[in-house]
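Visitor: Got a file for you: structure-v2.cif, mmCIF, C-alpha atoms.
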```cif
data_coords
loop_
_atom_site.label_atom_id
_atom_site.label_comp_id
_atom_site.auth_asym_id
_atom_site.auth_seq_id
_atom_site.Cartn_x
_atom_site.Cartn_y
_atom_site.Cartn_z
CA MET E 1 -225.66 -113.32 47.63
CA SER E 2 -222.10 -114.36 47.02
CA VAL E 3 -219.99 -112.05 44.91
CA LEU E 4 -219.14 -114.98 42.64
CA LEU E 5 -222.76 -115.86 41.93
CA GLU E 6 -223.60 -112.18 41.32
CA LYS E 7 -220.73 -112.00 38.83
CA HIS E 8 -221.95 -115.15 37.13
CA ILE E 9 -225.48 -113.76 36.76
CA VAL E 10 -224.15 -110.47 35.38
CA GLU E 11 -222.11 -112.38 32.81
CA LEU E 12 -225.14 -114.41 31.78
CA LEU E 13 -227.18 -111.20 31.50
CA GLN E 14 -224.61 -109.60 29.27
CA GLU E 15 -224.50 -112.72 27.10
CA ARG E 16 -228.31 -112.48 26.97
CA ASN E 17 -228.63 -115.96 28.35
CA GLU E 18 -232.16 -116.67 29.62
CA LYS E 19 -230.68 -118.65 32.51
CA ALA E 20 -229.80 -115.28 34.07
CA ILE E 21 -233.48 -114.48 34.57
CA SER E 22 -234.09 -117.85 36.14
CA LEU E 23 -231.23 -117.33 38.60
CA LEU E 24 -232.28 -113.75 39.33
CA TYR E 25 -235.80 -114.93 40.06
CA GLU E 26 -234.57 -117.63 42.39
CA HIS E 27 -232.37 -115.25 44.36
CA TYR E 28 -234.24 -111.96 44.21
CA GLY E 29 -237.82 -112.85 43.21
CA ASP E 30 -239.23 -112.86 46.73
CA THR E 31 -237.44 -109.66 47.73
CA LEU E 32 -238.56 -107.83 44.58
CA PHE E 33 -242.11 -109.10 45.07
CA GLY E 34 -241.91 -107.65 48.58
CA VAL E 35 -240.65 -104.33 47.17
CA ALA E 36 -243.51 -104.18 44.66
CA TYR E 37 -246.02 -105.07 47.35
CA LYS E 38 -244.59 -102.40 49.64
CA VAL E 39 -245.32 -99.77 47.02
CA VAL E 40 -248.74 -100.85 45.73
CA LYS E 41 -250.20 -102.80 48.69
CA ASP E 42 -251.98 -105.16 46.31
CA HIS E 43 -251.04 -108.79 45.82
CA ASP E 44 -252.21 -109.15 42.18
CA LEU E 45 -250.81 -105.81 41.15
CA ALA E 46 -247.48 -106.66 42.79
CA GLN E 47 -247.42 -109.90 40.78
CA ASP E 48 -247.95 -107.96 37.52
CA ILE E 49 -245.20 -105.55 38.55
CA VAL E 50 -242.71 -108.34 39.21
CA GLN E 51 -243.50 -109.85 35.82
CA GLU E 52 -243.14 -106.49 34.03
CA SER E 53 -239.95 -105.73 35.95
CA PHE E 54 -238.31 -109.00 34.97
CA VAL E 55 -239.16 -108.38 31.32
CA LYS E 56 -237.62 -104.90 31.67
CA ILE E 57 -234.57 -106.37 33.40
CA TRP E 58 -234.17 -108.76 30.48
CA LYS E 59 -234.59 -106.01 27.89
CA LYS E 60 -232.16 -103.69 29.67
CA SER E 61 -229.71 -106.45 30.60
CA ASP E 62 -226.89 -105.06 28.49
CA SER E 63 -227.26 -101.62 30.06
CA TYR E 64 -226.35 -102.81 33.57
CA ASP E 65 -223.07 -101.24 34.70
CA SER E 66 -221.54 -102.95 37.72
CA SER E 67 -219.28 -99.96 38.37
CA LYS E 68 -222.31 -97.76 39.01
CA ALA E 69 -224.48 -99.95 41.18
CA LYS E 70 -224.67 -103.34 42.83
CA LEU E 71 -226.86 -105.82 41.00
CA PHE E 72 -229.57 -105.65 43.67
CA THR E 73 -229.63 -101.84 43.59
CA TRP E 74 -230.23 -101.97 39.83
CA LEU E 75 -233.00 -104.57 40.20
CA PHE E 76 -234.57 -102.57 43.02
CA ARG E 77 -234.61 -99.37 40.96
CA ILE E 78 -236.32 -101.07 38.02
CA THR E 79 -238.90 -102.78 40.23
CA ARG E 80 -239.66 -99.72 42.35
CA ASN E 81 -240.00 -97.45 39.33
CA THR E 82 -242.25 -99.99 37.59
CA ALA E 83 -244.38 -100.15 40.74
CA ILE E 84 -244.63 -96.37 40.99
CA ASP E 85 -245.62 -96.10 37.31
CA LYS E 86 -248.23 -98.82 37.84
CA LEU E 87 -249.57 -97.06 40.89
CA ARG E 88 -249.88 -93.80 38.96
CA SER E 89 -251.71 -95.44 36.06
CA VAL E 90 -254.04 -97.29 38.45
CA ASN E 91 -254.69 -94.07 40.34
CA THR E 92 -255.53 -92.16 37.20
CA LYS E 93 -257.70 -95.03 35.95
CA THR E 94 -259.78 -95.53 39.07
CA ASP E 95 -259.18 -92.07 40.48
CA LYS E 96 -258.94 -93.80 43.80
CA GLU E 97 -256.23 -93.13 46.30
CA ILE E 98 -254.30 -96.22 47.29
CA GLN E 99 -253.37 -95.94 50.90
CA MET E 100 -249.66 -95.73 51.43
CA ASP E 101 -249.87 -96.58 55.11
CA VAL E 102 -246.90 -98.66 56.17
CA SER E 103 -248.76 -100.37 58.97
CA ASP E 104 -250.90 -102.26 56.43
CA VAL E 105 -248.03 -104.41 55.37
CA TYR E 106 -248.22 -106.92 58.18
CA ARG E 107 -251.83 -107.86 57.55
CA ILE E 108 -250.96 -109.90 54.54
CA GLY E 109 -250.83 -113.60 55.17
CA VAL E 110 -249.12 -114.77 52.00
CA GLU E 111 -245.56 -114.42 53.21
CA SER E 112 -246.16 -116.48 56.31
CA THR E 113 -246.37 -119.65 54.22
CA ARG E 114 -242.62 -119.77 53.83
CA PRO E 115 -240.80 -120.72 57.03
CA GLU E 116 -237.57 -118.88 56.31
CA LEU E 117 -239.54 -115.71 55.68
CA MET E 118 -241.23 -116.13 59.00
CA ASP E 119 -237.76 -116.00 60.48
CA VAL E 120 -237.05 -112.87 58.48
CA ARG E 121 -240.34 -111.43 59.62
CA GLU E 122 -239.27 -112.11 63.15
CA HIS E 123 -236.15 -110.11 62.51
CA LEU E 124 -238.15 -107.29 61.00
CA ASP E 125 -240.30 -107.27 64.08
CA LYS E 126 -237.13 -106.73 66.06
CA LEU E 127 -236.75 -103.41 64.39
CA GLU E 128 -238.92 -100.94 66.23
CA SER E 129 -241.66 -99.52 64.07
CA LYS E 130 -240.50 -95.95 64.64
CA TYR E 131 -237.29 -96.84 62.82
CA GLN E 132 -239.15 -98.81 60.18
CA ILE E 133 -241.32 -95.81 59.36
CA VAL E 134 -238.26 -93.67 58.71
CA LEU E 135 -236.50 -96.40 56.70
CA ASP E 136 -239.66 -97.01 54.65
CA ALA E 137 -239.96 -93.33 53.88
CA LEU E 138 -236.36 -93.30 52.73
CA PHE E 139 -236.08 -96.58 50.81
CA PHE E 140 -239.57 -97.25 49.49
CA GLN E 141 -241.36 -93.94 49.34
CA GLY E 142 -238.36 -91.98 48.12
CA MET E 143 -238.85 -89.13 50.54
CA THR E 144 -236.06 -86.78 51.53
CA GLN E 145 -235.49 -86.46 55.26
CA GLN E 146 -237.13 -83.05 55.15
CA GLU E 147 -240.16 -84.48 53.32
CA ALA E 148 -240.36 -87.35 55.83
CA SER E 149 -240.20 -84.80 58.66
CA ASP E 150 -243.09 -82.84 57.13
CA GLU E 151 -245.13 -85.91 56.17
CA LEU E 152 -244.73 -87.77 59.46
CA ASP E 153 -244.83 -84.60 61.53
CA ILE E 154 -241.57 -85.51 63.25
CA PRO E 155 -238.78 -82.91 63.69
CA LEU E 156 -235.94 -83.22 61.17
CA GLY E 157 -233.40 -83.88 63.93
CA THR E 158 -235.45 -86.82 65.19
CA ILE E 159 -235.73 -88.22 61.66
CA LYS E 160 -231.98 -88.03 61.30
CA SER E 161 -231.26 -89.75 64.62
CA ARG E 162 -233.93 -92.44 64.02
CA LEU E 163 -232.46 -93.14 60.62
CA LYS E 164 -229.00 -93.48 62.10
CA ILE E 165 -230.14 -95.82 64.86
CA GLY E 166 -232.46 -97.67 62.48
CA LEU E 167 -229.61 -98.40 60.09
CA ARG E 168 -227.37 -99.50 62.98
CA GLU E 169 -230.09 -101.86 64.25
CA LEU E 170 -230.65 -103.11 60.72
CA LYS E 171 -226.97 -103.92 60.42
CA LYS E 172 -227.18 -105.97 63.60
CA ILE E 173 -230.18 -107.84 62.29
CA TYR E 174 -228.99 -108.53 58.79
CA GLY E 175 -225.58 -109.46 60.08
CA SER E 176 -227.23 -112.50 61.66
CA THR E 177 -229.90 -112.81 58.94
CA MET E 178 -227.28 -113.07 56.24
CA VAL E 179 -225.68 -115.97 58.13
CA LEU E 180 -229.12 -117.53 58.56
CA LEU E 181 -230.07 -117.02 54.89
CA SER E 182 -226.82 -118.45 53.62
CA ILE E 183 -227.25 -121.53 55.84
CA LEU E 184 -230.81 -121.87 54.52
CA SER E 185 -229.71 -121.53 50.91
CA LEU E 186 -227.03 -124.15 51.50
CA LEU E 187 -229.64 -126.50 52.94
CA SER E 188 -232.19 -125.96 50.16
CA MET D 1 -214.34 -79.07 50.28
CA LYS D 2 -215.55 -80.95 53.37
CA ASP D 3 -218.42 -78.48 53.62
CA LYS D 4 -219.35 -79.19 50.02
CA ILE D 5 -219.52 -82.91 50.71
CA LYS D 6 -221.49 -82.37 53.90
CA ILE D 7 -223.99 -80.19 52.08
CA PHE D 8 -224.26 -82.83 49.37
CA LEU D 9 -224.80 -85.66 51.86
CA ASP D 10 -227.38 -83.59 53.76
CA SER D 11 -229.29 -82.92 50.54
CA ASP D 12 -230.54 -86.57 50.38
CA LEU D 13 -229.59 -86.66 46.71
CA LEU D 14 -227.53 -89.80 47.29
CA GLU D 15 -230.56 -91.56 48.82
CA LYS D 16 -232.74 -90.47 45.92
CA TYR D 17 -230.09 -91.73 43.50
CA LEU D 18 -229.90 -95.02 45.41
CA ILE D 19 -233.58 -95.82 44.80
CA GLY D 20 -233.55 -94.42 41.27
CA SER D 21 -235.69 -91.31 41.68
CA THR D 22 -233.19 -88.65 40.60
CA THR D 23 -233.55 -86.59 37.43
CA LYS D 24 -230.95 -86.89 34.67
CA GLU D 25 -229.04 -83.81 35.89
CA GLU D 26 -229.15 -84.99 39.49
CA THR D 27 -227.93 -88.44 38.42
CA LEU D 28 -224.92 -86.91 36.69
CA GLN D 29 -224.18 -84.74 39.73
CA VAL D 30 -224.37 -87.71 42.13
CA GLU D 31 -222.23 -89.90 39.89
CA ARG D 32 -219.62 -87.14 39.78
CA TYR D 33 -219.57 -86.93 43.60
CA ILE D 34 -219.30 -90.72 43.89
CA ALA D 35 -216.41 -90.80 41.44
CA MET D 36 -214.54 -87.89 43.04
CA HIS D 37 -215.02 -88.32 46.80
CA PRO D 38 -214.18 -91.56 48.60
CA GLU D 39 -216.43 -90.56 51.54
CA VAL D 40 -219.41 -90.34 49.22
CA ARG D 41 -218.46 -93.60 47.54
CA GLU D 42 -218.26 -95.36 50.90
CA MET D 43 -221.57 -93.91 51.96
CA TYR D 44 -223.16 -95.06 48.70
CA LEU D 45 -221.87 -98.62 49.13
CA GLU D 46 -223.16 -98.71 52.69
CA LEU D 47 -226.54 -97.40 51.60
CA GLN D 48 -226.71 -100.11 48.93
CA ASP D 49 -226.02 -102.78 51.54
CA ASN D 50 -228.63 -101.26 53.84
CA LEU D 51 -231.17 -101.12 51.06
CA GLU D 52 -230.64 -104.76 50.14
CA ALA D 53 -230.84 -105.85 53.75
CA TYR D 54 -233.92 -103.77 54.45
CA ALA D 55 -235.66 -104.93 51.27
CA LYS D 56 -234.87 -108.56 52.12
CA LEU D 57 -236.64 -108.12 55.43
CA HIS D 58 -239.80 -107.45 53.40
CA ALA D 59 -239.48 -110.43 51.07
CA ILE D 60 -242.75 -112.19 50.30
CA LYS D 61 -242.95 -115.60 48.70
CA THR D 62 -243.80 -115.17 45.05
CA PRO D 63 -246.98 -116.88 43.82
CA ASP D 64 -246.59 -120.29 42.16
CA GLY D 65 -246.32 -120.19 38.39
CA LEU D 66 -245.06 -116.61 38.22
CA LYS D 67 -241.55 -117.72 37.31
CA GLU D 68 -242.83 -119.86 34.43
CA LYS D 69 -245.01 -116.99 33.25
CA ILE D 70 -242.03 -114.63 33.22
CA LEU D 71 -239.75 -117.11 31.47
CA SER D 72 -242.32 -117.88 28.77
CA THR D 73 -242.91 -114.13 28.17
CA ILE D 74 -239.17 -113.63 27.76
CA LYS D 75 -238.88 -116.66 25.47
CA ALA D 76 -241.72 -115.33 23.31
CA GLN D 77 -240.06 -111.93 23.11
CA ASN D 78 -236.77 -113.50 22.19
CA SER D 79 -238.24 -115.50 19.35
CA LEU D 80 -240.07 -112.36 18.23
CA ARG D 81 -236.78 -110.49 18.28
CA LYS D 82 -235.02 -113.33 16.42
CA ARG D 83 -237.79 -113.40 13.85
CA PHE D 84 -237.56 -109.64 13.53
CA THR D 85 -233.79 -109.93 13.05
CA ARG D 86 -234.36 -112.56 10.36
CA TYR D 87 -236.92 -110.35 8.62
CA ALA D 88 -234.60 -107.37 8.95
CA VAL D 89 -231.77 -109.32 7.35
CA ALA D 90 -234.08 -110.53 4.58
CA ALA D 91 -235.37 -107.00 4.04
CA SER D 92 -231.85 -105.58 3.86
CA VAL D 93 -230.86 -108.22 1.34
CA ALA D 94 -233.95 -107.44 -0.71
CA VAL D 95 -233.22 -103.72 -0.57
CA PHE D 96 -229.63 -104.37 -1.61
CA ILE D 97 -230.70 -106.51 -4.56
CA PHE D 98 -233.31 -103.96 -5.54
CA ALA D 99 -230.78 -101.12 -5.38
CA GLY D 100 -228.25 -103.14 -7.37
CA SER D 101 -230.72 -104.11 -10.08
CA SER D 102 -232.11 -100.58 -10.19
CA TYR D 103 -228.64 -99.24 -10.84
CA PHE D 104 -228.02 -101.95 -13.45
CA PHE D 105 -231.25 -101.10 -15.29
CA TRP D 106 -230.66 -97.37 -14.97
CA ASP D 107 -227.18 -97.78 -16.43
CA GLN D 108 -228.52 -99.94 -19.24
CA ASN D 109 -231.23 -97.41 -19.92
CA GLN D 110 -228.64 -94.61 -20.09
CA ASN D 111 -226.60 -96.64 -22.61
CA LEU D 112 -229.67 -97.40 -24.70
CA MET D 113 -230.69 -93.75 -24.68
CA GLN D 114 -227.23 -92.75 -25.86
CA GLU D 115 -227.31 -95.38 -28.59
CA ASN D 116 -230.79 -94.24 -29.56
CA THR D 117 -229.55 -90.64 -29.98
CA ILE D 118 -226.66 -91.80 -32.14
CA VAL D 119 -228.91 -94.00 -34.30
CA SER D 120 -231.55 -91.30 -34.78
CA ASN D 121 -228.83 -88.79 -35.71
CA LYS D 122 -227.47 -91.25 -38.25
CA ILE D 123 -230.95 -91.75 -39.66
CA LYS D 124 -231.40 -87.97 -39.97
CA THR D 125 -228.08 -87.61 -41.80
CA LEU D 126 -228.97 -90.49 -44.09
CA GLU D 127 -232.36 -88.97 -44.84
CA GLU D 128 -230.76 -85.64 -45.73
CA ASP D 129 -228.18 -87.37 -47.90
CA MET D 130 -230.87 -89.34 -49.63
CA ARG D 131 -233.02 -86.27 -50.20
CA GLU D 132 -230.05 -84.41 -51.64
CA GLN D 133 -229.14 -87.31 -53.88
CA LEU D 134 -232.71 -87.82 -55.02
CA GLU D 135 -233.02 -84.12 -55.74
CA ASP D 136 -229.78 -84.30 -57.69
CA VAL D 137 -230.91 -87.31 -59.67
CA ARG D 138 -234.26 -85.64 -60.36
CA ASN D 139 -232.50 -82.50 -61.59
CA GLN D 140 -230.14 -84.55 -63.74
CA PHE D 141 -233.15 -86.26 -65.26
CA ILE D 142 -234.87 -82.91 -65.90
CA VAL D 143 -231.76 -81.48 -67.51
CA LEU D 144 -231.09 -84.47 -69.70
CA ASN D 145 -234.70 -84.98 -70.69
CA ASN D 146 -235.70 -81.38 -71.35
CA PRO D 147 -235.71 -80.30 -75.03
CA LEU D 148 -234.64 -76.80 -74.03
CA THR D 149 -231.41 -78.10 -72.53
CA LYS D 150 -228.36 -76.99 -74.44
CA LYS D 151 -225.40 -79.26 -74.72
CA TYR D 152 -221.93 -77.75 -74.88
CA SER D 153 -218.79 -79.65 -75.63
CA VAL D 154 -215.90 -78.46 -73.43
CA LYS D 155 -212.33 -79.02 -74.53
CA GLY D 156 -209.09 -78.24 -72.76
CA ASN D 157 -206.64 -75.68 -74.13
CA LYS D 158 -203.03 -76.39 -74.98
CA ASN D 159 -202.20 -77.08 -71.37
CA ALA D 160 -204.68 -79.89 -71.16
CA ARG D 161 -205.52 -81.12 -74.58
CA ASP D 162 -207.01 -84.38 -73.45
CA LEU D 163 -209.57 -82.71 -71.21
CA LYS D 164 -213.01 -83.49 -72.53
CA ALA D 165 -216.27 -82.59 -70.91
CA ILE D 166 -219.89 -81.95 -71.77
CA ALA D 167 -221.93 -79.21 -70.11
CA TYR D 168 -225.73 -79.39 -69.97
CA ILE D 169 -227.40 -76.07 -69.39
CA ASN D 170 -231.13 -75.45 -69.08
CA PRO D 171 -231.95 -71.75 -68.79
CA VAL D 172 -235.65 -72.39 -68.20
CA LYS D 173 -235.21 -74.71 -65.24
CA LYS D 174 -232.04 -72.81 -64.27
CA LEU D 175 -230.00 -75.95 -63.95
CA SER D 176 -226.53 -76.74 -65.20
CA TYR D 177 -224.44 -79.92 -65.09
CA LEU D 178 -221.01 -80.92 -66.20
CA ASN D 179 -220.04 -84.37 -67.32
CA VAL D 180 -216.27 -84.80 -67.28
CA ARG D 181 -215.44 -87.52 -69.80
CA ASN D 182 -211.68 -87.42 -69.76
CA LEU D 183 -208.93 -85.80 -67.73
CA PRO D 184 -205.30 -85.62 -68.85
CA GLU D 185 -202.55 -87.01 -66.60
CA LEU D 186 -201.13 -84.45 -64.16
CA PRO D 187 -197.93 -84.39 -62.06
CA GLU D 188 -198.46 -85.81 -58.54
CA ASP D 189 -198.50 -82.35 -56.87
CA LYS D 190 -201.18 -80.88 -59.17
CA CYS D 191 -204.91 -81.26 -59.51
CA PHE D 192 -207.85 -79.91 -61.50
CA GLN D 193 -210.21 -77.55 -59.72
CA MET D 194 -213.56 -76.23 -60.88
CA TRP D 195 -214.80 -72.67 -60.48
CA ALA D 196 -217.85 -70.72 -61.50
CA GLU D 197 -218.15 -67.00 -61.87
CA VAL D 198 -221.65 -66.21 -60.72
CA ASN D 199 -222.83 -62.58 -60.74
CA GLY D 200 -219.22 -61.38 -60.75
CA GLU D 201 -218.16 -63.58 -57.84
CA MET D 202 -215.82 -66.53 -58.09
CA VAL D 203 -217.29 -69.66 -56.47
CA ASN D 204 -215.05 -72.60 -55.61
CA LEU D 205 -216.72 -75.82 -56.87
CA GLY D 206 -213.98 -78.07 -55.56
CA VAL D 207 -211.25 -80.37 -56.81
CA ILE D 208 -212.14 -82.79 -59.64
CA LYS D 209 -211.01 -86.16 -58.47
CA GLU D 210 -210.10 -89.01 -60.75
CA ILE D 211 -212.92 -89.99 -62.99
CA THR D 212 -214.36 -93.18 -61.63
CA ASP D 213 -217.68 -92.93 -63.41
CA LYS D 214 -217.71 -91.35 -66.83
CA GLU D 215 -221.48 -90.87 -66.71
CA LYS D 216 -221.38 -88.85 -63.49
CA LEU D 217 -222.87 -85.37 -63.68
CA LEU D 218 -221.45 -82.59 -61.49
CA ALA D 219 -223.95 -79.89 -60.56
CA LEU D 220 -222.92 -76.34 -61.37
CA PRO D 221 -224.51 -73.30 -59.73
CA TYR D 222 -226.77 -71.66 -62.26
CA ALA D 223 -226.80 -67.98 -63.07
CA ASP D 224 -227.43 -65.98 -66.24
CA ASN D 225 -224.20 -65.38 -68.09
CA ALA D 226 -222.16 -67.43 -65.67
CA ILE D 227 -218.79 -68.77 -66.68
CA GLY D 228 -217.33 -72.02 -65.50
CA TYR D 229 -213.58 -72.58 -65.32
CA ILE D 230 -211.30 -75.52 -64.86
CA THR D 231 -207.81 -74.68 -63.59
CA ILE D 232 -204.72 -76.64 -62.69
CA GLU D 233 -203.84 -75.96 -59.06
CA GLN D 234 -201.54 -77.24 -56.32
CA LYS D 235 -202.62 -80.57 -54.88
CA GLY D 236 -205.46 -80.05 -52.45
CA GLY D 237 -206.89 -77.08 -54.31
CA ASN D 238 -206.64 -73.30 -53.95
CA MET D 239 -208.76 -70.61 -52.34
CA ALA D 240 -208.76 -68.52 -55.54
CA PRO D 241 -208.20 -69.66 -59.13
CA THR D 242 -204.84 -69.10 -60.80
CA VAL D 243 -205.84 -67.25 -63.94
CA GLU D 244 -202.83 -68.33 -66.04
CA ASN D 245 -203.60 -71.96 -65.32
CA ILE D 246 -207.11 -71.93 -66.78
CA VAL D 247 -207.39 -74.96 -69.01
CA ALA D 248 -211.03 -74.72 -69.99
CA ASN D 249 -213.99 -72.43 -69.66
CA ILE D 250 -217.66 -72.99 -70.07
CA ASN D 251 -219.94 -70.12 -70.96
CA TYR D 252 -223.55 -70.62 -70.16
#
```
Would you mind giving the structure from this file in structure tokens?
Guide:
Amino acid sequence: MSVLLEKHIVELLQERNEKAISLLYEHYGDTLFGVAYKVVKDHDLAQDIVQESFVKIWKKSDSYDSSKAKLFTWLFRITRNTAIDKLRSVNTKTDKEIQMDVSDVYRIGVESTRPELMDVREHLDKLESKYQIVLDALFFQGMTQQEASDELDIPLGTIKSRLKIGLRELKKIYGSTMVLLSILSLLS
Amino acid sequence: MKDKIKIFLDSDLLEKYLIGSTTKEETLQVERYIAMHPEVREMYLELQDNLEAYAKLHAIKTPDGLKEKILSTIKAQNSLRKRFTRYAVAASVAVFIFAGSSYFFWDQNQNLMQENTIVSNKIKTLEEDMREQLEDVRNQFIVLNNPLTKKYSVKGNKNARDLKAIAYINPVKKLSYLNVRNLPELPEDKCFQMWAEVNGEMVNLGVIKEITDKEKLLALPYADNAIGYITIEQKGGNMAPTVENIVANINY
């Protein structure tokens, strides 16, 4: 997202202009839906989470501090925490463990309906799953590297090196993806 | 210092902070490191970029209608908030008016209570006055009407020849009255004062003012073998009678 547009949205948020939510949804809706889905692995639940998160974003709009975090980081935190809370309440309600297996994520067919996301998916597929597992543990599951090492039964040193390489690969991918996405957004 | 930063970066606290899973204390600690160390700040910015890029790779098309659902929820909340604000304003105004009128009525009540005290005190004084006067009138009537009442004519001596008075004494009812009929002219700085010697003690009965009503009866304290005196004193009266200035005496 361009810095200018981000600034514009932040201004609208601080003025408590409802247009801010509309713009946020257009630019971050799909990504935040993906984040929610990543945590709960349930399409309907993820939809509820996105709705709740946007209401929270609206309520907290005057508390956003651009000197402390980028706009996306703030949105991500709200969405992820809402998803984790939801997961906890669902778990206590049904007393049923929801599988947190990362490999499940590709079985969903919903995202394939949007052509540009198929391109993104292609890019994700470029990232070897061994790196994805480490990045998922870090960004979505909130594990420390030590916890990831214990959980995934991979030595800490390997986790560290995979993370490093994973991030470098990611940079390569999103370097081109960003170009692609901005061309797409210009076309749409 | 470098070691400190390395330990901090190795602790994964920055990553936890990035995704919003730090405690309040940890958040403060991380924010301090970000503010103080450019290396940490740079790392944080890079992590934010990575996070956004990685999250974007997982984007899924949102279901149709979700945007409208969200916007209508927010609109409903806004109107609820606006309505609440309106009610809050109305309630504050009402409270203000209530407080103002309460104070006004309280103040008025205080004033009325004060006035009430004054009026009831006045009534009490009036009642006492009336009782005293009625008692006096009743006694005057008894004295004047009783056949046992003795009537003495009192005349002034050579110092006040024109002084004329009548004393009414009733030993049965133990009442005595004096009716001053005439008082001679006195220099401006002098006045007549009445006294009574009751059981060997001199009682000051006060200054006799100008006679406005010739029928007025002055009550005298009654005692067996009491003597009444009229003296000429300095204007305003004296504490004790001046014996050489006695102008009349009344034995009763």
Visitor: Residues of chain E no more than 8 Å from chain D, counting all atoms listed in the file: send them over as number ranges by chain.
Guide: E: 18, 21-22, 25, 29-35, 38, 47, 51, 54-55, 58, 68, 70, 72-73, 76-78, 80-81, 110-111, 113-114, 117, 120-121, 123-124, 138-140, 142-145, 167, 170-171, 174
Visitor: In Å to one decimal, how far is atom CA of Gly206 of chain D from atom CA of Asn225 of chain D?
Guide: 20.6 Å
Visitor: Could you give me the axis-aligned bounding box of segment 131-140 of chain D, with 4 Å of padding per side, as centre plus edge lengths in Å to one decimal, as lines of an AutoDock Vina configuration file?
Guide:
```
center_x = -231.7
center_y = -85.2
center_z = -57.0
size_x = 13.1
size_y = 13.3
size_z = 21.5
```
Visitor: Just the number, please: distance in Å from atom CA of Asn139 of chain D to atom CA of Leu220 of chain D, one decimal.
Guide: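 Spanning atom CA of Asn139 of chain D to atom CA of Leu220 of chain D is a straight-line distance of 11.4 Å.
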Visitor: Of the candidates E:Val10, E:Ile84, E:Ala20, E:Ile57, which one gets nearest to Gln141 of chain E if we count only C-alpha atoms?
Guide: E:Ile84
Visitor: Give as a short mmCIF file (atom, residue, chain, number, x, y, z; two decimals) with C-alpha atoms, in the frame of the given file the residues that the PyMOL selection byres ((chain D and resi 2) around 12) matches when applied to the coordinates above.
Guide:
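Output saved as part-v4.cif:
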```cif
data_model
loop_
_atom_site.label_atom_id
_atom_site.label_comp_id
_atom_site.auth_asym_id
_atom_site.auth_seq_id
_atom_site.Cartn_x
_atom_site.Cartn_y
_atom_site.Cartn_z
CA MET D 1 -214.34 -79.07 50.28
CA ASP D 3 -218.42 -78.48 53.62
CA LYS D 4 -219.35 -79.19 50.02
CA ILE D 5 -219.52 -82.91 50.71
CA LYS D 6 -221.49 -82.37 53.90
CA ILE D 7 -223.99 -80.19 52.08
CA PHE D 8 -224.26 -82.83 49.37
CA LEU D 9 -224.80 -85.66 51.86
CA HIS D 37 -215.02 -88.32 46.80
CA PRO D 38 -214.18 -91.56 48.60
CA GLU D 39 -216.43 -90.56 51.54
CA VAL D 40 -219.41 -90.34 49.22
#
```
Visitor: Could you list, as a list in words, every residue matched by the PyMOL selection byres ((chain E and resi 86) around 10) in this structure?
Guide: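 On this input, the PyMOL selection byres ((chain E and resi 86) around 10) captures Ala36, Val39, Val40, Leu45, Ala46, Asp48, Ile49, Glu52, Arg80, Asn81, Thr82, Ala83, Ile84, Asp85, Leu87, Arg88, Ser89, Val90, Asn91 and Thr92 of chain E.
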Visitor: With all atoms listed in the file as the basis for distance, which of D:Val180, D:Ile227, D:Val243, D:Leu28 is at the shortest distance from Ile208 of chain D?
Guide: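 Nearest candidate to Ile208 of chain D out of D:Val180, D:Ile227, D:Val243, D:Leu28: D:Val180.
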Visitor: Rounded to one decimal, what separation in Å do you get between atom CA of Ser92 of chain D and atom CA of Ser63 of chain E?
Guide: 26.9 Å
Visitor: Please determine, counting all atoms listed in the file, which residue among D:Gly236, D:Pro187, D:Pro221, D:Gly100 has the shortest atom-to-atom distance to Glu201 of chain D.
Guide: D:Pro221
Visitor: I'd like the residues picked by the PyMOL selection byres ((chain D and resi 176) around 6) written out as a PyMOL selection string, using the chain letters and numbers from the file.
Guide: chain D and resi 168-169+175+177+220+222
Visitor: Write out as a list in words each polymer residue whose atoms come within 6 Å of Asn179 of chain D, counting all atoms listed in the file; drop sequence neighbours fewer than 2 positions from it.
Guide: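 Final neighbour list, sorted by chain and number: Ala165, Ile166 and Leu217 of chain D.
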